[in-house]
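entry29.tsv follows; it contains TSV, C-alpha atoms.
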chain	number	residue	atom	x	y	z
F	12	LYS	CA	106.08	118.66	103.27
F	13	GLN	CA	103.95	120.37	105.89
F	14	GLU	CA	104.10	118.90	109.38
F	15	VAL	CA	102.00	119.98	112.35
F	16	THR	CA	103.07	119.43	115.95
F	17	GLN	CA	101.06	120.05	119.09
F	18	ILE	CA	102.48	120.43	122.57
F	19	PRO	CA	101.67	119.21	125.15
F	20	ALA	CA	100.15	115.90	124.09
F	21	ALA	CA	98.08	115.81	127.28
F	22	LEU	CA	97.16	118.26	129.98
F	23	SER	CA	95.26	117.87	133.26
F	24	VAL	CA	94.26	120.98	135.19
F	25	PRO	CA	91.85	122.02	137.94
F	26	GLU	CA	88.76	123.93	137.00
F	27	GLY	CA	89.20	127.70	136.64
F	28	GLU	CA	92.72	127.74	135.25
F	29	ASN	CA	93.66	129.68	132.14
F	30	LEU	CA	95.28	127.41	129.56
F	31	VAL	CA	97.55	127.73	126.57
F	32	LEU	CA	97.74	125.02	123.93
F	33	ASN	CA	100.49	125.19	121.34
F	34	CYS	CA	100.61	124.31	117.66
F	35	SER	CA	103.59	124.59	115.32
F	36	PHE	CA	103.87	124.03	111.59
F	37	THR	CA	106.92	123.66	109.40
F	38	ASP	CA	105.93	125.65	106.31
F	39	SER	CA	104.69	129.19	106.87
F	40	ALA	CA	103.05	129.52	103.44
F	41	ILE	CA	99.62	128.70	104.81
F	42	TYR	CA	96.28	130.01	103.69
F	43	ASN	CA	94.70	129.76	107.15
F	44	LEU	CA	94.87	127.81	110.40
F	45	GLN	CA	92.01	126.13	112.17
F	46	TRP	CA	91.40	124.80	115.66
F	47	PHE	CA	89.01	121.92	116.24
F	48	ARG	CA	87.62	120.12	119.25
F	49	GLN	CA	87.03	116.37	119.38
F	50	ASP	CA	85.11	114.63	122.13
F	51	PRO	CA	85.89	110.93	122.74
F	52	GLY	CA	84.52	108.72	119.97
F	53	LYS	CA	83.03	111.67	118.10
F	54	GLY	CA	83.73	113.78	115.05
F	55	LEU	CA	85.50	117.14	115.03
F	56	THR	CA	83.88	120.49	115.73
F	57	SER	CA	85.37	123.67	114.33
F	58	LEU	CA	86.26	126.23	117.01
F	59	LEU	CA	88.17	129.00	115.27
F	60	LEU	CA	89.52	129.76	111.82
F	61	ILE	CA	92.29	132.33	111.42
F	62	GLN	CA	93.03	133.63	107.94
F	63	SER	CA	96.69	134.14	107.06
F	64	SER	CA	96.21	137.91	107.14
F	65	GLN	CA	94.85	137.83	110.68
F	66	ARG	CA	96.73	137.72	113.96
F	67	GLU	CA	93.99	136.33	116.17
F	68	GLN	CA	90.40	135.23	116.50
F	69	THR	CA	88.15	135.10	119.53
F	70	SER	CA	85.05	133.12	120.38
F	71	GLY	CA	83.72	133.33	123.91
F	72	ARG	CA	86.40	132.06	126.28
F	73	LEU	CA	88.61	130.95	123.40
F	74	ASN	CA	91.27	133.05	121.73
F	75	ALA	CA	93.57	131.79	119.01
F	76	SER	CA	96.63	133.63	117.76
F	77	LEU	CA	98.70	133.07	114.65
F	78	ASP	CA	102.33	133.96	114.01
F	79	LYS	CA	103.04	132.79	110.48
F	80	SER	CA	106.66	133.89	110.41
F	81	SER	CA	107.54	131.67	113.35
F	82	GLY	CA	105.18	128.87	112.32
F	83	ARG	CA	103.17	128.96	115.54
F	84	SER	CA	99.66	129.27	116.83
F	85	THR	CA	98.32	129.22	120.36
F	86	LEU	CA	94.85	128.48	121.65
F	87	TYR	CA	94.07	130.26	124.90
F	88	ILE	CA	91.21	128.95	127.04
F	89	ALA	CA	90.10	131.27	129.81
F	90	ALA	CA	88.58	130.06	133.08
F	91	SER	CA	88.54	126.39	132.10
F	92	GLN	CA	85.52	124.23	132.93
F	93	PRO	CA	85.03	120.44	133.11
F	94	GLY	CA	82.98	120.70	129.93
F	95	ASP	CA	86.13	121.85	128.12
F	96	SER	CA	87.60	118.37	128.54
F	97	ALA	CA	88.29	117.08	125.02
F	98	THR	CA	91.07	116.77	122.47
F	99	TYR	CA	92.00	119.99	120.69
F	100	LEU	CA	93.49	119.73	117.21
F	101	CYS	CA	94.99	122.35	114.98
F	102	ALA	CA	95.13	122.04	111.22
F	103	VAL	CA	96.63	123.92	108.29
F	104	PRO	CA	96.29	123.54	104.53
F	105	PRO	CA	99.33	122.33	102.59
F	106	PRO	CA	101.63	125.12	101.33
F	107	GLY	CA	99.99	127.12	98.59
F	108	GLY	CA	96.70	125.25	98.84
F	109	TYR	CA	93.48	125.57	100.76
F	110	ASN	CA	91.10	122.79	99.81
F	111	LYS	CA	92.42	120.21	102.30
F	112	LEU	CA	93.90	120.15	105.81
F	113	ILE	CA	96.87	118.61	107.57
F	114	PHE	CA	96.17	117.90	111.24
F	115	GLY	CA	98.27	117.74	114.35
F	116	ALA	CA	97.79	114.80	116.71
F	117	GLY	CA	96.07	117.03	119.25
F	118	THR	CA	96.30	117.98	122.91
F	119	ARG	CA	94.12	115.87	125.19
F	120	LEU	CA	92.74	118.17	127.89
F	121	ALA	CA	91.17	117.06	131.16
F	122	VAL	CA	89.67	119.72	133.43
F	123	HIS	CA	88.74	118.34	136.83
F	124	PRO	CA	86.36	119.95	139.34
M	10	ASP	CA	69.46	119.56	112.13
M	11	ALA	CA	72.23	117.06	111.42
M	12	MET	CA	74.43	118.48	108.66
M	13	VAL	CA	76.89	115.66	107.99
M	14	ILE	CA	75.51	112.20	108.61
M	15	GLN	CA	77.49	109.00	108.67
M	16	ASN	CA	76.10	105.49	108.61
M	17	PRO	CA	76.55	103.20	110.29
M	18	ARG	CA	78.09	104.63	113.47
M	19	TYR	CA	79.65	101.26	114.24
M	20	GLN	CA	80.63	98.63	111.70
M	21	VAL	CA	82.07	95.21	112.39
M	22	THR	CA	83.44	93.21	109.50
M	23	GLN	CA	85.56	90.15	108.99
M	24	PHE	CA	89.08	90.14	107.67
M	25	GLY	CA	88.89	90.42	103.88
M	26	LYS	CA	85.13	91.02	103.69
M	27	PRO	CA	84.29	94.18	101.72
M	28	VAL	CA	82.61	96.99	103.57
M	29	THR	CA	81.01	100.29	102.55
M	30	LEU	CA	80.68	103.34	104.75
M	31	SER	CA	78.20	106.07	103.91
M	32	CYS	CA	78.23	109.85	104.30
M	33	SER	CA	75.54	112.36	103.41
M	34	GLN	CA	75.30	116.13	103.85
M	35	THR	CA	72.57	118.74	103.92
M	36	LEU	CA	74.96	121.70	103.52
M	37	ASN	CA	75.23	121.58	99.73
M	38	HIS	CA	79.00	121.86	100.04
M	39	ASN	CA	81.01	121.15	96.92
M	40	VAL	CA	83.88	119.29	98.62
M	41	MET	CA	83.64	116.06	100.60
M	42	TYR	CA	86.50	114.40	102.44
M	43	TRP	CA	87.26	111.01	103.94
M	44	TYR	CA	89.71	110.73	106.84
M	45	GLN	CA	91.06	107.76	108.74
M	46	GLN	CA	91.81	108.31	112.42
M	47	LYS	CA	93.50	105.75	114.64
M	48	SER	CA	93.63	106.01	118.40
M	49	SER	CA	95.45	109.12	119.68
M	50	GLN	CA	96.57	110.01	116.15
M	51	ALA	CA	95.84	112.87	113.81
M	52	PRO	CA	93.10	112.39	111.23
M	53	LYS	CA	94.73	111.25	108.00
M	54	LEU	CA	93.19	112.38	104.73
M	55	LEU	CA	92.48	109.46	102.40
M	56	PHE	CA	90.89	111.36	99.49
M	57	HIS	CA	88.48	114.12	98.67
M	58	TYR	CA	86.00	115.05	95.98
M	59	TYR	CA	86.04	118.59	94.64
M	60	ASP	CA	82.64	118.56	92.96
M	61	LYS	CA	82.92	115.42	90.80
M	62	ASP	CA	86.71	115.45	90.66
M	63	PHE	CA	88.30	112.70	92.72
M	64	ASN	CA	91.59	113.51	94.46
M	65	ASN	CA	93.48	110.60	95.96
M	66	GLU	CA	96.27	111.11	98.49
M	67	ALA	CA	99.55	109.58	97.33
M	68	ASP	CA	99.85	107.24	100.30
M	69	THR	CA	96.24	106.01	100.36
M	70	PRO	CA	96.26	102.22	99.83
M	71	ASP	CA	94.56	100.84	96.72
M	72	ASN	CA	92.32	98.89	99.07
M	73	PHE	CA	90.39	102.12	99.69
M	74	GLN	CA	88.07	103.54	97.08
M	75	SER	CA	85.35	106.13	97.02
M	76	ARG	CA	82.23	107.08	95.08
M	77	ARG	CA	80.28	110.30	94.97
M	78	PRO	CA	77.08	109.70	93.00
M	79	ASN	CA	75.72	113.19	93.68
M	80	THR	CA	76.42	116.34	95.70
M	81	SER	CA	74.85	114.97	98.86
M	82	PHE	CA	76.33	111.50	99.15
M	83	CYS	CA	79.79	110.01	99.32
M	84	PHE	CA	80.82	106.42	100.00
M	85	LEU	CA	84.02	104.83	101.25
M	86	ASP	CA	84.61	101.28	100.02
M	87	ILE	CA	87.22	99.07	101.65
M	88	ARG	CA	87.69	96.14	99.31
M	89	SER	CA	89.55	93.72	101.57
M	90	PRO	CA	89.79	95.05	105.12
M	91	GLY	CA	92.83	94.07	107.11
M	92	LEU	CA	93.36	94.27	110.85
M	93	GLY	CA	95.31	97.50	110.30
M	94	ASP	CA	92.26	99.17	108.79
M	95	ALA	CA	90.41	99.17	112.10
M	96	ALA	CA	89.94	102.84	112.86
M	97	MET	CA	87.47	105.70	113.05
M	98	TYR	CA	86.49	106.94	109.60
M	99	LEU	CA	85.47	110.56	109.44
M	100	CYS	CA	83.60	112.30	106.65
M	101	ALA	CA	83.80	116.06	106.29
M	102	THR	CA	82.48	118.71	103.92
M	103	SER	CA	83.53	122.21	102.98
M	104	ARG	CA	82.59	124.99	100.62
M	105	VAL	CA	85.58	125.83	98.44
M	106	SER	CA	85.78	128.45	95.73
M	107	GLY	CA	88.46	130.24	93.83
M	108	GLN	CA	88.62	132.72	96.70
M	109	GLY	CA	89.36	130.11	99.33
M	110	ALA	CA	87.84	127.58	101.67
M	111	ASP	CA	85.47	127.71	104.61
M	112	THR	CA	85.93	125.52	107.63
M	113	GLN	CA	85.30	121.79	107.38
M	114	TYR	CA	82.19	120.28	108.93
M	115	PHE	CA	82.61	116.77	110.25
M	116	GLY	CA	80.23	113.90	110.72
M	117	PRO	CA	80.19	111.83	113.91
M	118	GLY	CA	82.37	109.13	112.38
M	119	THR	CA	82.06	105.39	111.78
M	120	ARG	CA	84.04	103.13	114.09
M	121	LEU	CA	85.25	100.14	112.05
M	122	THR	CA	86.23	96.91	113.77
M	123	VAL	CA	87.90	94.12	111.78
M	124	LEU	CA	87.75	90.62	113.24
Would you give me this structure, written as structure tokens?
Amino acid sequence: KQEVTQIPAALSVPEGENLVLNCSFTDSAIYNLQWFRQDPGKGLTSLLLIQSSQREQTSGRLNASLDKSSGRSTLYIAASQPGDSATYLCAVPPPGGYNKLIFGAGTRLAVHP
Amino acid sequence: DAMVIQNPRYQVTQFGKPVTLSCSQTLNHNVMYWYQQKSSQAPKLLFHYYDKDFNNEADTPDNFQSRRPNTSFCFLDIRSPGLGDAAMYLCATSRVSGQGADTQYFGPGTRLTVL
């Protein structure tokens, strides 16, 4: 059974810092890995999708890496801003499948001015 | 511009009184999902429709049911809500083919309160 763990559960940093959020999964037979953002009381917004054949994906100040063999992914946020404050969730499909996702509980990020 | 729409955004019901949550999409995606998310927890998949095929998760209580009358709409029915069913309910859609799946697009959620 696939399990997804995210560390740390919460993070509070001053504006401008570079951040690393961690995600680990127990079964490396994944089709892809996705990172989402969730603002309080809202739905999820897709940030990055990394296919299993890829090592990383970049979008603006965000960079996500994937190491399937070790069951890990990291989300790097450069030059953090208060507007980055949200919960960041990673998700993977179950082993051998791709039409649904298993989520981690997320890292709650607060960036203060 | 809204792509995945959920109604209502907030729903208050009484213990045991049936409730229906609605989701619609303008993306023409073939897969629609319903998740339950409790405070500070991961979204938990309840079920999904792959086209017209209903796929129930093994641990989804019988109290939860779903209908998908057409490509655009999907409903979540809670037959007899209990206090433990108070949560945010998220609808999502995705385009899935034999070659794989695109990312999931989420609606804003419906916050359910059970009194």
Fewer than 5 positions away in the same chain doesn't count, so skip those; otherwise give me all residues within 12 Å of Val24 in chain F, counting all atoms listed in the file, as an NGL selection string.
:F and (29-31 or 88 or 90-93 or 95-96 or 119-124)
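When only C-alpha atoms are used to measure the gap to Ser103 in chain M, the shortest distance among F:Thr98, F:Ser84, F:Thr69, F:Ser57 belongs to F:Ser57.
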Would you mind telling me which residue in M:Leu36, M:Cys100, M:Ala95, M:Leu55 lies nearest to Thr69 in chain M when using all atoms listed in the file?
M:Leu55
How many Å separate CA of Ala75 in chain F from CA of Leu59 in chain F?
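Spanning CA of Ala75 in chain F to CA of Leu59 in chain F is a straight-line distance of 7.1 Å.
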Chain M contacts to chain F at 6 Å (only C-alpha atoms) as an NGL selection string
:M and (50-51 or 115-118)
Produce a file of the selected residues containing C-alpha atoms, as an mmCIF file, keeping the file's coordinate frame.
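Contents of selection-v5.cif, as written:
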data_model
loop_
_atom_site.group_PDB
_atom_site.id
_atom_site.type_symbol
_atom_site.label_atom_id
_atom_site.label_comp_id
_atom_site.auth_asym_id
_atom_site.auth_seq_id
_atom_site.Cartn_x
_atom_site.Cartn_y
_atom_site.Cartn_z
ATOM 1 C CA GLN M 50 96.570 110.010 116.150
ATOM 2 C CA ALA M 51 95.840 112.870 113.810
ATOM 3 C CA PHE M 115 82.610 116.770 110.250
ATOM 4 C CA GLY M 116 80.230 113.900 110.720
ATOM 5 C CA PRO M 117 80.190 111.830 113.910
ATOM 6 C CA GLY M 118 82.370 109.130 112.380
#
Box along x, y and z, 3 Å on every side, all listed atoms of range 20-32 of chain F inside: centre and edge lengths in Å to one decimal, as lines of an AutoDock Vina configuration file.
center_x = 94.5
center_y = 122.7
center_z = 130.9
size_x = 17.4
size_y = 19.9
size_z = 20.0
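The gap separating CA of Ala40 in chain F from CA of Tyr87 in chain F is 23.3 Å, in Å to one decimal.
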Gly91 in chain M proximity check over M:Asn72, M:Gln15, M:Asn37, M:Ser49, using all atoms listed in the file: winner is M:Asn72
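Interatomic distance, CA of Ser63 in chain F to CA of Arg104 in chain M: 18.0 Å.
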Quick one: everything within 12 Å of Lys47 in chain M, counting all atoms listed in the file, minus sequence neighbours fewer than 6 positions away in the same chain. Send it as an MDAnalysis selection string.
(chainID F and resid 52 116) or (chainID M and resid 53:54 93:99 118:122)
Determine, counting only C-alpha atoms, which protein, DNA and RNA residues have an atom within 6 Å of an atom of Met41 in chain M; residues of the same chain fewer than 2 positions away are not included. Present the result as a PyMOL selection string.
chain M and resi 57-58+101-102
Exercise: Thr22 in chain M partners within 9 Å, only C-alpha atoms, chain neighbours under 5 positions left out, as JSON, numbers by chain
{"M": [27, 28, 90, 121, 122, 123, 124]}
Pick out the residues sitting within 8 Å of range 77-82 of chain F, and hand them over as a PDB file with C-alpha atoms, in the coordinates of the input; count only C-alpha atoms, and ignore anything fewer than 4 positions along from it in its own chain.
ATOM      1  CA  SER F  35     103.590 124.590 115.320  1.00  0.00           C
ATOM      2  CA  PHE F  36     103.870 124.030 111.590  1.00  0.00           C
ATOM      3  CA  THR F  37     106.920 123.660 109.400  1.00  0.00           C
ATOM      4  CA  ASP F  38     105.930 125.650 106.310  1.00  0.00           C
ATOM      5  CA  SER F  39     104.690 129.190 106.870  1.00  0.00           C
ATOM      6  CA  ALA F  40     103.050 129.520 103.440  1.00  0.00           C
ATOM      7  CA  ILE F  41      99.620 128.700 104.810  1.00  0.00           C
ATOM      8  CA  LEU F  44      94.870 127.810 110.400  1.00  0.00           C
ATOM      9  CA  ILE F  61      92.290 132.330 111.420  1.00  0.00           C
ATOM     10  CA  SER F  63      96.690 134.140 107.060  1.00  0.00           C
ATOM     11  CA  GLN F  65      94.850 137.830 110.680  1.00  0.00           C
ATOM     12  CA  ARG F  66      96.730 137.720 113.960  1.00  0.00           C
ATOM     13  CA  GLU F  67      93.990 136.330 116.170  1.00  0.00           C
TER      14      GLU F  67
END
